[in-house]
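Coordinates as given in my_file.txt (compact mmCIF, C-alpha atoms):
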```txt
# COMPACT_ATOMS: atom_id res chain seq x y z
CA MET E 20 57.67 10.94 13.06
CA ASP E 21 59.78 14.04 13.79
CA ALA E 22 62.94 12.03 13.07
CA PHE E 23 61.49 10.85 9.79
CA GLU E 24 60.63 14.41 8.83
CA ARG E 25 64.28 15.34 9.43
CA LEU E 26 65.33 12.50 7.13
CA TYR E 27 62.88 13.72 4.54
CA ARG E 28 64.23 17.28 4.74
CA SER E 29 67.83 16.07 4.35
CA HIS E 30 67.18 13.94 1.29
CA VAL E 31 64.24 15.46 -0.54
CA GLY E 32 66.37 17.59 -2.88
CA ARG E 33 68.30 14.68 -4.34
CA VAL E 34 65.33 12.35 -4.45
CA HIS E 35 63.19 14.98 -6.14
CA ALA E 36 65.89 15.63 -8.76
CA LEU E 37 65.96 11.90 -9.54
CA CYS E 38 62.15 11.63 -9.65
CA ALA E 39 61.79 14.70 -11.88
CA ARG E 40 64.31 13.36 -14.40
CA LEU E 41 62.89 9.86 -14.45
CA THR E 42 59.32 11.07 -14.94
CA ALA E 43 60.15 13.94 -17.32
CA GLY E 44 58.27 16.18 -14.92
CA GLN E 45 54.99 14.30 -15.31
CA GLY E 46 53.70 12.86 -12.05
CA THR E 47 56.84 13.87 -10.15
CA ASP E 48 54.99 14.99 -7.01
CA GLU E 49 53.07 11.73 -6.84
CA LEU E 50 56.23 9.69 -7.29
CA LEU E 51 58.05 11.72 -4.63
CA GLN E 52 55.26 11.01 -2.14
CA ASP E 53 55.22 7.32 -3.07
CA VAL E 54 58.96 7.10 -2.52
CA PHE E 55 58.89 8.56 0.97
CA VAL E 56 55.86 6.51 1.98
CA ARG E 57 57.74 3.41 0.81
CA VAL E 58 60.87 4.52 2.66
CA TRP E 59 58.79 4.82 5.81
CA GLU E 60 57.37 1.33 5.33
CA ARG E 61 60.77 -0.18 4.66
CA LEU E 62 62.81 1.68 7.27
CA PRO E 63 63.02 -1.41 9.50
CA SER E 64 64.77 -3.26 6.65
CA PHE E 65 67.56 -0.67 6.40
CA ARG E 66 70.60 -2.45 7.82
CA GLY E 67 73.21 0.22 7.39
CA GLU E 68 75.16 -1.83 4.85
CA SER E 69 75.19 1.17 2.54
CA ALA E 70 74.81 4.89 3.08
CA PHE E 71 71.24 5.89 3.80
CA SER E 72 71.31 8.18 0.77
CA SER E 73 72.19 5.21 -1.48
CA TRP E 74 69.47 3.09 0.08
CA ILE E 75 66.81 5.74 -0.35
CA HIS E 76 67.93 6.18 -3.96
CA ARG E 77 67.43 2.47 -4.58
CA VAL E 78 63.98 2.65 -3.09
CA ALA E 79 63.14 5.60 -5.34
CA VAL E 80 64.29 3.78 -8.47
CA ASN E 81 62.32 0.67 -7.52
CA VAL E 82 59.15 2.64 -6.86
CA PHE E 83 59.52 4.39 -10.21
CA LEU E 84 60.07 1.15 -12.12
CA VAL E 85 57.13 -0.59 -10.48
CA ALA E 86 54.89 2.37 -11.30
CA ARG E 87 56.18 2.41 -14.87
CA ARG E 88 55.43 -1.26 -15.34
CA GLY E 89 51.89 -0.53 -14.18
CA ASP E 90 51.61 2.31 -16.70
CA ASP E 91 52.95 0.08 -19.48
CA ARG E 92 50.31 -2.50 -18.68
CA ARG E 93 47.45 -0.08 -18.60
CA THR E 94 48.06 1.66 -21.90
CA GLN E 95 50.27 1.93 -24.93
CA ARG E 96 51.57 5.38 -24.23
CA VAL E 97 52.98 7.84 -26.68
CA GLU E 98 56.63 7.67 -25.80
CA TYR E 99 57.64 11.27 -26.06
CA ALA E 100 56.65 13.63 -23.32
CA ASP E 101 53.73 15.77 -24.44
CA ASP E 102 55.12 18.85 -22.82
CA PRO E 103 58.90 19.12 -22.72
CA ASP E 104 58.69 22.33 -20.71
CA ALA E 105 56.89 20.49 -17.93
CA LEU E 106 60.17 19.34 -16.44
CA ALA E 107 61.63 22.81 -16.31
CA ARG E 108 58.48 24.09 -14.63
CA ASP E 109 58.16 21.17 -12.24
CA GLN E 110 61.77 21.30 -11.18
CA GLY E 111 61.52 24.94 -10.29
CA LEU E 112 64.36 25.90 -12.57
CA GLY E 113 64.05 29.40 -11.20
CA HIS E 114 66.61 28.15 -8.68
CA VAL E 115 69.20 27.59 -11.41
CA ARG E 116 68.49 30.35 -13.89
CA ASP E 117 71.91 31.84 -13.33
CA ASP E 118 73.56 28.70 -14.66
CA PRO E 119 74.66 28.08 -18.24
CA ASP E 120 71.98 27.47 -20.82
CA THR E 121 73.36 24.00 -21.36
CA ARG E 122 71.97 22.80 -18.06
CA ILE E 123 68.41 23.73 -18.91
CA ASP E 124 68.88 22.50 -22.48
CA LEU E 125 69.98 19.13 -21.19
CA GLU E 126 67.11 18.91 -18.70
CA ARG E 127 64.64 19.65 -21.49
CA ALA E 128 66.35 17.20 -23.83
CA ILE E 129 66.20 14.45 -21.19
CA ALA E 130 62.49 15.11 -20.77
CA LEU E 131 62.03 14.60 -24.52
CA LEU E 132 63.56 11.13 -24.52
CA PRO E 133 61.42 8.02 -24.87
CA THR E 134 60.79 6.44 -21.47
CA GLY E 135 63.15 3.48 -21.80
CA ALA E 136 66.00 5.55 -23.17
CA ARG E 137 65.47 8.22 -20.50
CA THR E 138 65.51 5.64 -17.71
CA ALA E 139 68.73 4.09 -19.00
CA PHE E 140 70.40 7.50 -19.39
CA VAL E 141 69.37 8.88 -15.99
CA LEU E 142 70.34 5.73 -14.13
CA HIS E 143 73.60 5.07 -15.99
CA ASP E 144 75.04 8.42 -16.98
CA ILE E 145 73.69 10.61 -14.18
CA GLU E 146 73.26 8.24 -11.26
CA GLY E 147 76.14 5.88 -11.98
CA TYR E 148 74.32 2.53 -12.13
CA SER E 149 75.95 -0.19 -14.23
CA HIS E 150 74.27 -1.71 -17.29
CA GLU E 151 73.86 -4.93 -15.38
CA GLU E 152 72.22 -3.26 -12.38
CA ILE E 153 69.76 -1.42 -14.60
CA ALA E 154 68.94 -4.58 -16.51
CA ALA E 155 68.32 -6.49 -13.28
CA LEU E 156 66.12 -3.74 -11.88
CA GLN E 157 64.00 -3.65 -15.02
CA GLY E 158 64.01 -7.38 -15.71
CA VAL E 159 65.44 -6.92 -19.19
CA ALA E 160 68.60 -8.11 -20.95
CA THR E 161 71.78 -6.08 -20.52
CA VAL E 162 71.96 -5.60 -24.27
CA THR E 163 68.59 -3.89 -24.13
CA VAL E 164 69.93 -1.37 -21.64
CA ARG E 165 72.99 -0.79 -23.83
CA THR E 166 70.85 -0.12 -26.88
CA GLN E 167 68.54 2.20 -24.94
CA LEU E 168 71.52 4.11 -23.59
CA HIS E 169 73.07 4.39 -27.03
CA ARG E 170 69.80 5.71 -28.38
CA ALA E 171 69.45 8.21 -25.52
CA ARG E 172 72.92 9.64 -26.07
CA ARG E 173 72.39 9.94 -29.78
CA LEU E 174 69.05 11.73 -29.34
CA LEU E 175 70.50 14.04 -26.66
CA MET E 176 73.43 15.02 -28.86
CA GLU E 177 71.04 15.74 -31.71
CA GLU E 178 68.89 17.87 -29.41
CA LEU E 179 71.87 19.76 -27.96
CA ASP E 180 73.24 20.41 -31.45
CA ARG E 181 70.05 22.13 -32.60
CA MET Z 1 86.17 -4.16 -22.25
CA THR Z 2 83.97 -1.80 -20.27
CA SER Z 3 80.76 -0.36 -21.55
CA HIS Z 4 82.33 3.07 -21.73
CA GLU Z 5 85.10 1.82 -24.00
CA ARG Z 6 82.54 0.25 -26.29
CA ASP Z 7 80.22 3.26 -26.37
CA PRO Z 8 82.02 6.29 -24.94
CA LEU Z 9 80.12 9.25 -23.57
CA PRO Z 10 80.68 12.28 -25.82
CA GLU Z 11 82.69 14.97 -24.04
CA ARG Z 12 80.08 17.65 -24.60
CA LEU Z 13 77.42 15.47 -23.06
CA ARG Z 14 79.72 14.60 -20.15
CA SER Z 15 80.31 18.23 -19.31
CA ALA Z 16 76.58 19.02 -19.63
CA ILE Z 17 75.84 16.18 -17.18
CA ASP Z 18 78.47 17.49 -14.78
CA GLY Z 19 76.64 20.81 -14.82
CA LEU Z 20 73.30 19.34 -13.75
CA ALA Z 21 71.99 20.25 -10.32
CA ARG Z 22 72.40 17.38 -7.84
CA GLU Z 23 69.54 18.60 -5.73
CA ILE Z 24 66.30 20.23 -6.83
CA GLU Z 25 63.85 21.24 -4.16
CA PRO Z 26 60.19 20.60 -5.02
CA ARG Z 27 58.11 23.70 -5.63
CA ARG Z 28 55.64 22.64 -2.98
CA ASP Z 29 56.58 21.04 0.31
CA ALA Z 30 55.56 17.40 -0.07
CA TRP Z 31 55.86 16.60 3.62
CA PRO Z 32 52.24 17.33 4.69
CA ALA Z 33 50.89 15.00 1.99
CA ILE Z 34 53.43 12.29 2.85
CA ARG Z 35 52.64 12.52 6.52
CA SER Z 36 48.91 12.28 5.96
CA ARG Z 37 49.35 9.26 3.69
CA ILE Z 38 51.50 7.50 6.26
CA ASP Z 39 48.91 8.23 8.95
CA ALA Z 40 46.06 7.06 6.73
CA GLU Z 41 47.76 3.85 5.67
CA ARG Z 42 48.50 2.92 9.25
CA VAL Z 43 44.76 2.87 9.95
CA VAL Z 44 43.51 1.40 6.66
CA PRO Z 45 46.09 -0.93 5.11
CA LEU Z 46 45.72 -1.03 1.35
CA HIS Z 47 45.59 -4.14 -0.78
CA THR Z 48 48.90 -4.65 -2.61
CA ASP Z 49 47.61 -3.50 -5.97
CA GLY Z 50 44.80 -1.37 -4.66
CA ARG Z 51 41.93 -3.59 -5.84
CA PRO Z 52 40.47 -6.97 -5.00
CA PRO Z 53 42.03 -9.86 -6.92
CA CYS Z 54 38.77 -11.09 -8.46
CA ARG Z 55 38.19 -7.73 -10.13
CA ALA Z 56 41.70 -7.74 -11.54
CA ALA Z 57 41.18 -11.26 -12.81
CA ARG Z 58 38.09 -10.23 -14.73
CA ARG Z 59 39.77 -7.25 -16.36
CA TRP Z 60 43.16 -8.49 -17.49
CA PRO Z 61 42.20 -10.46 -20.63
CA VAL Z 62 40.44 -7.48 -22.18
CA ALA Z 63 43.34 -5.13 -21.51
CA ALA Z 64 45.91 -7.65 -22.72
CA ALA Z 65 44.02 -8.29 -25.92
CA ALA Z 66 43.68 -4.57 -26.66
CA VAL Z 67 47.39 -3.98 -26.13
CA LEU Z 68 48.29 -6.90 -28.36
CA VAL Z 69 46.16 -5.75 -31.22
CA ILE Z 70 48.00 -2.43 -31.18
CA ALA Z 71 51.41 -4.10 -30.86
CA ALA Z 72 50.81 -6.61 -33.63
CA SER Z 73 49.51 -4.06 -36.10
CA THR Z 74 52.39 -1.69 -35.33
CA VAL Z 75 54.90 -4.45 -35.97
CA THR Z 76 53.27 -5.29 -39.29
CA MET Z 77 53.30 -1.66 -40.39
CA LEU Z 78 56.91 -1.10 -39.34
CA ALA Z 79 58.06 -4.36 -40.84
CA SER Z 80 56.59 -3.57 -44.23
CA ASN Z 81 58.04 -0.05 -44.19
CA ARG Z 82 61.50 -1.29 -43.19
CA GLN Z 83 61.59 -3.85 -45.94
CA ARG Z 84 61.05 -1.09 -48.48
CA ARG Z 85 63.75 1.29 -47.28
CA PRO Z 86 66.58 1.34 -44.76
CA THR Z 87 66.03 3.86 -41.98
CA ALA Z 88 67.80 7.05 -41.10
CA ASP Z 89 68.18 5.47 -37.67
CA GLY Z 90 70.07 2.64 -39.24
CA ALA Z 91 72.42 5.00 -41.00
CA ALA Z 92 73.05 6.91 -37.80
CA PHE Z 93 73.74 3.72 -35.91
CA ASN Z 94 76.18 2.55 -38.54
CA THR Z 95 77.99 5.86 -38.38
CA ALA Z 96 78.15 5.76 -34.61
CA VAL Z 97 79.42 2.26 -34.09
CA GLY Z 98 80.97 1.46 -37.40
CA VAL Z 99 84.20 3.40 -36.98
CA GLY Z 100 86.97 1.06 -38.01
CA ALA Z 101 84.61 -1.74 -38.91
CA GLY Z 102 82.81 -2.63 -42.09
CA ALA Z 103 79.06 -2.42 -42.54
CA ALA Z 104 78.87 -6.19 -42.70
CA ARG Z 105 80.55 -6.48 -39.32
CA VAL Z 106 78.12 -3.98 -37.80
CA ALA Z 107 75.15 -5.86 -39.23
CA SER Z 108 76.55 -9.11 -37.93
CA ASP Z 109 77.04 -7.63 -34.44
CA ARG Z 110 73.51 -6.33 -34.44
CA ARG Z 111 72.12 -9.69 -35.54
CA GLN Z 112 74.03 -11.30 -32.69
CA LEU Z 113 72.59 -8.74 -30.32
CA VAL Z 114 69.07 -9.51 -31.56
CA ALA Z 115 69.73 -13.23 -31.09
CA ASP Z 116 71.03 -12.62 -27.54
CA VAL Z 117 67.96 -10.60 -26.62
CA CYS Z 118 65.63 -13.24 -28.05
CA ASN Z 119 67.45 -16.08 -26.30
CA SER Z 120 67.23 -14.33 -22.93
CA TYR Z 121 63.55 -13.61 -23.29
CA ASP Z 122 62.73 -17.03 -24.73
CA ALA Z 123 64.39 -18.73 -21.76
CA ALA Z 124 62.36 -16.64 -19.32
CA ALA Z 125 59.14 -17.23 -21.28
CA ASP Z 126 59.77 -21.00 -21.37
CA ASP Z 127 60.03 -21.10 -17.58
CA LEU Z 128 56.77 -19.21 -17.20
CA GLN Z 129 55.03 -21.32 -19.81
CA ARG Z 130 55.97 -24.49 -17.95
CA VAL Z 131 54.22 -23.10 -14.88
CA LEU Z 132 51.23 -22.16 -16.98
CA VAL Z 133 50.93 -25.63 -18.48
CA ALA Z 134 50.81 -27.08 -14.99
CA ARG Z 135 48.00 -24.68 -13.98
CA ARG Z 136 46.08 -24.64 -17.23
CA ALA Z 137 43.61 -27.41 -16.42
CA ARG Z 138 42.31 -25.40 -13.48
CA LEU Z 139 41.81 -22.13 -15.33
CA SER Z 140 38.42 -21.30 -16.80
CA PRO Z 141 37.96 -22.26 -20.50
CA LYS Z 142 37.24 -18.64 -21.38
CA THR Z 143 40.49 -17.50 -19.77
CA VAL Z 144 42.46 -20.20 -21.54
CA GLN Z 145 40.91 -19.20 -24.86
CA VAL Z 146 41.80 -15.51 -24.44
CA LEU Z 147 45.25 -16.39 -23.17
CA GLU Z 148 46.04 -18.66 -26.10
CA SER Z 149 44.79 -16.14 -28.60
CA SER Z 150 46.87 -13.39 -26.97
CA LEU Z 151 50.00 -15.53 -26.93
CA ARG Z 152 49.52 -16.38 -30.62
CA ALA Z 153 49.25 -12.67 -31.44
CA ILE Z 154 52.38 -11.89 -29.41
CA ASP Z 155 54.37 -14.70 -30.98
CA GLN Z 156 53.31 -13.52 -34.42
CA ALA Z 157 54.42 -9.96 -33.51
CA ILE Z 158 57.78 -11.32 -32.32
CA ARG Z 159 58.27 -13.28 -35.56
CA GLU Z 160 57.46 -10.22 -37.66
CA ALA Z 161 59.78 -7.96 -35.66
CA ARG Z 162 62.61 -10.49 -35.95
CA ALA Z 163 62.05 -10.83 -39.70
CA ALA Z 164 62.12 -7.05 -40.07
CA LEU Z 165 65.34 -6.88 -38.03
CA GLU Z 166 66.92 -9.41 -40.37
CA VAL Z 167 66.32 -6.94 -43.19
CA ASP Z 168 67.26 -3.84 -41.20
CA PRO Z 169 69.34 -4.98 -38.21
CA ALA Z 170 70.43 -1.45 -37.29
CA SER Z 171 66.91 -0.17 -36.68
CA GLN Z 172 66.62 0.92 -33.08
CA ASP Z 173 62.87 1.38 -33.44
CA LEU Z 174 62.45 -2.25 -34.39
CA MET Z 175 64.76 -3.32 -31.58
CA ASP Z 176 62.72 -1.34 -29.08
CA LEU Z 177 59.55 -2.82 -30.48
CA LEU Z 178 60.88 -6.35 -30.20
CA ASP Z 179 61.90 -5.68 -26.62
CA SER Z 180 58.50 -4.23 -25.85
CA VAL Z 181 56.59 -7.17 -27.36
CA TYR Z 182 58.73 -9.67 -25.45
CA ARG Z 183 58.09 -7.78 -22.25
CA GLN Z 184 54.38 -7.93 -22.93
CA LYS Z 185 54.66 -11.68 -23.38
CA LEU Z 186 56.45 -12.13 -20.05
CA ASP Z 187 54.00 -9.83 -18.35
CA LEU Z 188 51.04 -11.71 -19.76
CA LEU Z 189 52.48 -15.04 -18.63
CA ARG Z 190 53.26 -13.74 -15.16
CA ARG Z 191 49.75 -12.39 -14.78
CA ALA Z 192 48.23 -15.59 -16.10
CA ASN Z 193 50.25 -17.54 -13.54
CA ALA Z 194 48.96 -15.29 -10.79
CA LEU Z 195 45.29 -15.86 -11.64
CA PRO Z 196 43.17 -17.64 -9.07
CA LEU Z 197 42.52 -21.30 -9.89
CA HIS Z 198 39.09 -22.91 -10.08
CA SER Z 199 38.53 -25.54 -7.44
CA SER Z 200 38.42 -29.02 -8.99
```
In structure tokens, what does this structure look like?
Amino acid sequence: MDAFERLYRSHVGRVHALCARLTAGQGTDELLQDVFVRVWERLPSFRGESAFSSWIHRVAVNVFLVARRGDDRRTQRVEYADDPDALARDQGLGHVRDDPDTRIDLERAIALLPTGARTAFVLHDIEGYSHEEIAALQGVATVTVRTQLHRARRLLMEELDR
Amino acid sequence: MTSHERDPLPERLRSAIDGLAREIEPRRDAWPAIRSRIDAERVVPLHTDGRPPCRAARRWPVAAAAVLVIAASTVTMLASNRQRRPTADGAAFNTAVGVGAGAARVASDRRQLVADVCNSYDAAADDLQRVLVARRARLSPKTVQVLESSLRAIDQAIREARAALEVDPASQDLMDLLDSVYRQKLDLLRRANALPLHSS
């Protein structure tokens, strides 16, 4: 367990950044815990074919998407985050207050995106997944991912231009 | 052609993304909670979805029906609004992708995109429906009744969304709605196919 704690300490910053952006700061802590519990369960299946950081990232994205599908089933949610400042608070942006305003503006703007558009933007434009990979992960058509990404970029530009 | 060539990332957005923090430490150390969950789950393994299957089987038709009522009425409302006036979204989309191409070309591309989406989903739904047909005789009559009613409502919502997209093909809201309704259909079929069968 000590070795796993060391793994957790090495990767928690990146995984938490991903979780916070995907969830818009709502339920980030829960997702972070779920991810590391799942990583623990699936450690025996890690074969070293990719970097551990890439593998753990994949696990995080999968856990998020499964949880999101559950949320979609349970309720028709209002798409926009109720509290766009939640992300800034949850991410502890006190750590980055000395950075340009644009960074915080973009974080807040990402949190305002509808869920599908936010997922496409975070995975494609920030994390570097291809349209096809995102489509496969979500079980949707590639064109759907393209349209969500297009929408995300348009909404972000509008928000940044305000 | 790569996706970036088709829909390039605006420079301002690119530089804002480059400025994002790669790592953000959580405010509270999550390790103690993770450790206790791992310890707990070693002793008491949880069911996959956290509840017994029979309970899930009793609940799903009610939830599915409620979701569908909302989806179908939203489609109807949006469809009637869109037929009266083109959306601001549509105008923005045309501006964004229509550089160097006529409006008719953009509309045609969007209609093709809608057709592609529908074809993909229809193919997946057909596969699931074939499985359902094979299992149907061993589902309870009440379940079959709710299922058929839900599928009719979904198919109606899909038809209405497609008709609205014919009128306003650039509407991203309608596209999202169509995608969402199709996903509900697939989800409903998958869940129906996972229901326990009555012994014959």
**Asked** Got a sec: who's within 12 Å of Asp180 in chain E, counting all atoms listed in the file, leaving out chain neighbours fewer than 6 positions off, as a PyMOL selection string?
**Response** (chain E and resi 121+124-125+128+173-174) or (chain Z and resi 12-13)
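Near chain E, within 7 Å and counting all atoms listed in the file, the residues of chain Z are Ala16, Ile17, Gly19, Leu20, Arg22, Glu23, Ile24, Glu25, Pro26, Arg27, Ala30, Ile34, Ile38, Val67, Leu113, Val117 and Ser120 of chain Z.
Going from CA of Val58 in chain E to CA of Ala86 in chain E covers 15.3 Å.
Nearest residue to Tyr182 in chain Z among Z:Cys118, Z:Val167, Z:Leu197, Z:Ala137 is Z:Cys118, counting only C-alpha atoms.
When all atoms listed in the file are used to compute distances to Arg183 in chain Z, the closest of the residues Z:Pro196, Z:Asp122, Z:Arg162, Z:Ser171 turns out to be Z:Asp122.
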Would you mind completing range 163-184 of chain Z so that it carries N, CA and C atoms, and writing it out as a PDB file, in the coordinates of the input?
```pdb
ATOM      1  N   ALA Z 163      61.860 -10.802 -38.245  1.00  0.00           N
ATOM      2  CA  ALA Z 163      62.050 -10.830 -39.700  1.00  0.00           C
ATOM      3  C   ALA Z 163      62.450  -9.449 -40.200  1.00  0.00           C
ATOM      4  N   ALA Z 164      61.801  -8.417 -39.653  1.00  0.00           N
ATOM      5  CA  ALA Z 164      62.120  -7.050 -40.070  1.00  0.00           C
ATOM      6  C   ALA Z 164      63.548  -6.682 -39.663  1.00  0.00           C
ATOM      7  N   LEU Z 165      63.971  -7.166 -38.489  1.00  0.00           N
ATOM      8  CA  LEU Z 165      65.340  -6.880 -38.030  1.00  0.00           C
ATOM      9  C   LEU Z 165      66.376  -7.611 -38.882  1.00  0.00           C
ATOM     10  N   GLU Z 166      66.005  -8.728 -39.452  1.00  0.00           N
ATOM     11  CA  GLU Z 166      66.920  -9.410 -40.370  1.00  0.00           C
ATOM     12  C   GLU Z 166      67.217  -8.523 -41.580  1.00  0.00           C
ATOM     13  N   VAL Z 167      66.172  -7.823 -42.031  1.00  0.00           N
ATOM     14  CA  VAL Z 167      66.320  -6.940 -43.190  1.00  0.00           C
ATOM     15  C   VAL Z 167      67.052  -5.655 -42.797  1.00  0.00           C
ATOM     16  N   ASP Z 168      66.701  -5.127 -41.627  1.00  0.00           N
ATOM     17  CA  ASP Z 168      67.260  -3.840 -41.200  1.00  0.00           C
ATOM     18  C   ASP Z 168      67.771  -3.968 -39.756  1.00  0.00           C
ATOM     19  N   PRO Z 169      68.897  -4.662 -39.575  1.00  0.00           N
ATOM     20  CA  PRO Z 169      69.340  -4.980 -38.210  1.00  0.00           C
ATOM     21  C   PRO Z 169      69.722  -3.755 -37.384  1.00  0.00           C
ATOM     22  N   ALA Z 170      69.991  -2.630 -38.043  1.00  0.00           N
ATOM     23  CA  ALA Z 170      70.430  -1.450 -37.290  1.00  0.00           C
ATOM     24  C   ALA Z 170      69.268  -0.623 -36.764  1.00  0.00           C
ATOM     25  N   SER Z 171      68.045  -1.003 -37.084  1.00  0.00           N
ATOM     26  CA  SER Z 171      66.910  -0.170 -36.680  1.00  0.00           C
ATOM     27  C   SER Z 171      66.656  -0.241 -35.183  1.00  0.00           C
ATOM     28  N   GLN Z 172      66.857   0.880 -34.517  1.00  0.00           N
ATOM     29  CA  GLN Z 172      66.620   0.920 -33.080  1.00  0.00           C
ATOM     30  C   GLN Z 172      65.132   0.861 -32.776  1.00  0.00           C
ATOM     31  N   ASP Z 173      64.323   1.422 -33.668  1.00  0.00           N
ATOM     32  CA  ASP Z 173      62.870   1.380 -33.440  1.00  0.00           C
ATOM     33  C   ASP Z 173      62.382  -0.059 -33.405  1.00  0.00           C
ATOM     34  N   LEU Z 174      62.868  -0.848 -34.359  1.00  0.00           N
ATOM     35  CA  LEU Z 174      62.450  -2.250 -34.390  1.00  0.00           C
ATOM     36  C   LEU Z 174      62.959  -2.998 -33.166  1.00  0.00           C
ATOM     37  N   MET Z 175      64.176  -2.671 -32.762  1.00  0.00           N
ATOM     38  CA  MET Z 175      64.760  -3.320 -31.580  1.00  0.00           C
ATOM     39  C   MET Z 175      63.909  -2.998 -30.344  1.00  0.00           C
ATOM     40  N   ASP Z 176      63.553  -1.742 -30.220  1.00  0.00           N
ATOM     41  CA  ASP Z 176      62.720  -1.340 -29.080  1.00  0.00           C
ATOM     42  C   ASP Z 176      61.366  -2.051 -29.120  1.00  0.00           C
ATOM     43  N   LEU Z 177      60.850  -2.164 -30.336  1.00  0.00           N
ATOM     44  CA  LEU Z 177      59.550  -2.820 -30.480  1.00  0.00           C
ATOM     45  C   LEU Z 177      59.633  -4.288 -30.090  1.00  0.00           C
ATOM     46  N   LEU Z 178      60.692  -4.939 -30.548  1.00  0.00           N
ATOM     47  CA  LEU Z 178      60.880  -6.350 -30.200  1.00  0.00           C
ATOM     48  C   LEU Z 178      60.963  -6.510 -28.681  1.00  0.00           C
ATOM     49  N   ASP Z 179      61.742  -5.647 -28.080  1.00  0.00           N
ATOM     50  CA  ASP Z 179      61.900  -5.680 -26.620  1.00  0.00           C
ATOM     51  C   ASP Z 179      60.543  -5.488 -25.941  1.00  0.00           C
ATOM     52  N   SER Z 180      59.788  -4.538 -26.452  1.00  0.00           N
ATOM     53  CA  SER Z 180      58.500  -4.230 -25.850  1.00  0.00           C
ATOM     54  C   SER Z 180      57.525  -5.418 -25.986  1.00  0.00           C
ATOM     55  N   VAL Z 181      57.514  -6.055 -27.156  1.00  0.00           N
ATOM     56  CA  VAL Z 181      56.590  -7.170 -27.360  1.00  0.00           C
ATOM     57  C   VAL Z 181      56.979  -8.357 -26.463  1.00  0.00           C
ATOM     58  N   TYR Z 182      58.289  -8.600 -26.347  1.00  0.00           N
ATOM     59  CA  TYR Z 182      58.730  -9.670 -25.450  1.00  0.00           C
ATOM     60  C   TYR Z 182      58.324  -9.379 -24.005  1.00  0.00           C
ATOM     61  N   ARG Z 183      58.465  -8.129 -23.623  1.00  0.00           N
ATOM     62  CA  ARG Z 183      58.090  -7.780 -22.250  1.00  0.00           C
ATOM     63  C   ARG Z 183      56.605  -7.984 -22.017  1.00  0.00           C
ATOM     64  N   GLN Z 184      55.820  -7.688 -23.057  1.00  0.00           N
ATOM     65  CA  GLN Z 184      54.380  -7.930 -22.930  1.00  0.00           C
ATOM     66  C   GLN Z 184      54.101  -9.425 -22.760  1.00  0.00           C
TER      67      GLN Z 184
END
```
